[in-house]
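Structure, as structure tokens:
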Amino acid sequence: MQIVAEPLTAEAFKPFGAVLEGTPAPGRHYLSDTLANARADAPISLAVATVAPTGSLPLDVKVLERHEHSSQTFIPLHVSRYLVLATLDAPAGGPDLSRLRAFVARAGQGVTYAMGTWHHPLTVLDGPATFAVLMWRDGTPRDEEFAPVPSPLTVVVP
């Protein structure tokens with residue numbers, strides 16, 4: 001199966017979470033309603049992740065992950081472009097590969113994956129990048145779940 005990545009827009013990404021972008025006018029825009037935590041005992045976690053660019057395209061997707069009990073937000077501190085892959089649960093459980101979408105995010109765009117959204121690990125396209133990562137973690141296996149992608153699946157970046 002092959003997926004062609006499309007530009008990241010708030011409307012296209014809405015089933016999976018929220019796109020974070022600055023507003024055109026000066027002022028503050030609160031995004032608290034995009035954040036979620038289902039475990040009162042899990043403290044908030046803020047990390048900084050530096051990611052090397054992918055070595056080759058098209059991207060071979062081998063694994064997807066989700067955080068069933070927490071939203072996860074990626075705020076780019078330094079990036080040119082990166083891939084965002086997301087899908088929801090399949091009827092029988094696990095990621096629904098038939099509904100997997102791929103997006104190309106640009107500098108100035110962050111994302112919040114809604115609680116339980118399956119997604120691909122950070123994949124940077126044009127050079128090393130740094131992100132602030134916000135989620136709730138309690139240090140147990142409940143923090144994250146990984147699912148191998150059993151059939152060949154590639155993402156093409158136009």
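Ordering of the structure tokens sets the chain letters (A, B, ...); residue numbers start at 1 within each chain; ligands are numbered from 1 in the order shown.
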
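For Glu144 (chain A), the list of residues within 10 Å, based on only C-alpha atoms and with local chain neighbours fewer than 4 positions off taken out, reads Glu65, Arg66, His67, Glu68, His69, Ser70, Gly116, Arg137, Gly139 and Thr140 of chain A.
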
What are the closest atom pairs, with distances in Å to one decimal, for each residue of region 39-81 of chain A lying within 6 Å of region 108-113 of chain A, using only C-alpha atoms, rows by chain and rising residue number, as a Markdown table?
| residue | atom | partner | partner_atom | distance |
| --- | --- | --- | --- | --- |
| A:Ser71 | CA | A:Tyr113 | CA | 5.6 |
| A:Gln72 | CA | A:Tyr113 | CA | 5.2 |
| A:Thr73 | CA | A:Thr112 | CA | 4.1 |
| A:Phe74 | CA | A:Val111 | CA | 5.4 |
| A:Ile75 | CA | A:Gly110 | CA | 4.8 |
| A:Pro76 | CA | A:Gly110 | CA | 5.9 |

Legend entry - Proximity to Val4 (chain A) - best of A:Ala18, A:Ala129, A:Ala102, A:Leu64, only C-alpha atoms: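 Distance minimum relative to Val4 (chain A) lands on A:Ala102.
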
Legend entry - All residues 7 Å or closer to Ile3 (chain A), only C-alpha atoms, same chain fewer than 4 positions away omitted, as a PyMOL selection string: chain A and resi 102+154-156

Inset, instruction - Show which residues sit within 9 Å of Phe13 (chain A), as number ranges by chain. Count only C-alpha atoms, and ignore same-chain residues fewer than 6 positions away. - result: A: 19, 86, 101, 103, 111

With C-alpha atoms kept, could you save the residues just selected as an mmCIF file, in the first residue's frame?
data_model
loop_
_atom_site.group_PDB
_atom_site.id
_atom_site.type_symbol
_atom_site.label_atom_id
_atom_site.label_comp_id
_atom_site.auth_asym_id
_atom_site.auth_seq_id
_atom_site.Cartn_x
_atom_site.Cartn_y
_atom_site.Cartn_z
ATOM 1 C CA VAL A 19 -2.780 21.684 14.373
ATOM 2 C CA ALA A 86 -2.188 9.381 11.900
ATOM 3 C CA ARG A 101 -3.311 9.692 6.467
ATOM 4 C CA PHE A 103 0.714 15.058 6.093
ATOM 5 C CA VAL A 111 0.420 19.048 16.280
#

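Of the listed residues (A:Ala40, A:Val63, A:Leu83, A:Met135), A:Leu83 comes nearest to Glu6 (chain A); the distances count only C-alpha atoms.
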
Inset, instruction - Mind checking which residues fall within 12 Å of Asp96 (chain A), counting only C-alpha atoms, ignoring those fewer than 4 positions away in the same chain, and posting them as JSON, numbers by chain? - result: {"A": [64, 85, 86, 87, 88, 89, 90, 91, 92, 100, 101, 117, 118, 119, 147, 149, 150]}

Inset, instruction - Identify, on the basis of only C-alpha atoms, every residue whose closest approach to Tyr82 (chain A) does not exceed 10 Å; exclude the query and any residue fewer than 4 positions from it along the same chain; express the result as a VMD selection string. - result: chain A and resid 8 53 to 54 76 103 to 107 109 to 110 122 to 127 129

Legend entry - Interatomic distance, CA of Gly17 (chain A) to CA of Met1 (chain A) (Å, one decimal):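 A separation of 24.2 Å between them.
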
Inset, instruction - Figure out the distance between CA of Ala52 (chain A) and CA of Thr130 (chain A), please, to one decimal in Å. - result: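 Result for CA of Thr130 (chain A) versus CA of Ala52 (chain A): 9.0 Å, one decimal.
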
Inset, instruction - Using DSSP on the backbone, list every residue of chain A that comes out as helix (DSSP H, G or I), and give them as a PyMOL selection string. - result: chain A and resi 10-16+32-34+97-99+141-143

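Restricting the calculation to only C-alpha atoms, the smallest distance between Val79 (chain A) and any of A:Pro148, A:Pro128, A:Pro141, A:Gly93 is found for A:Pro128.
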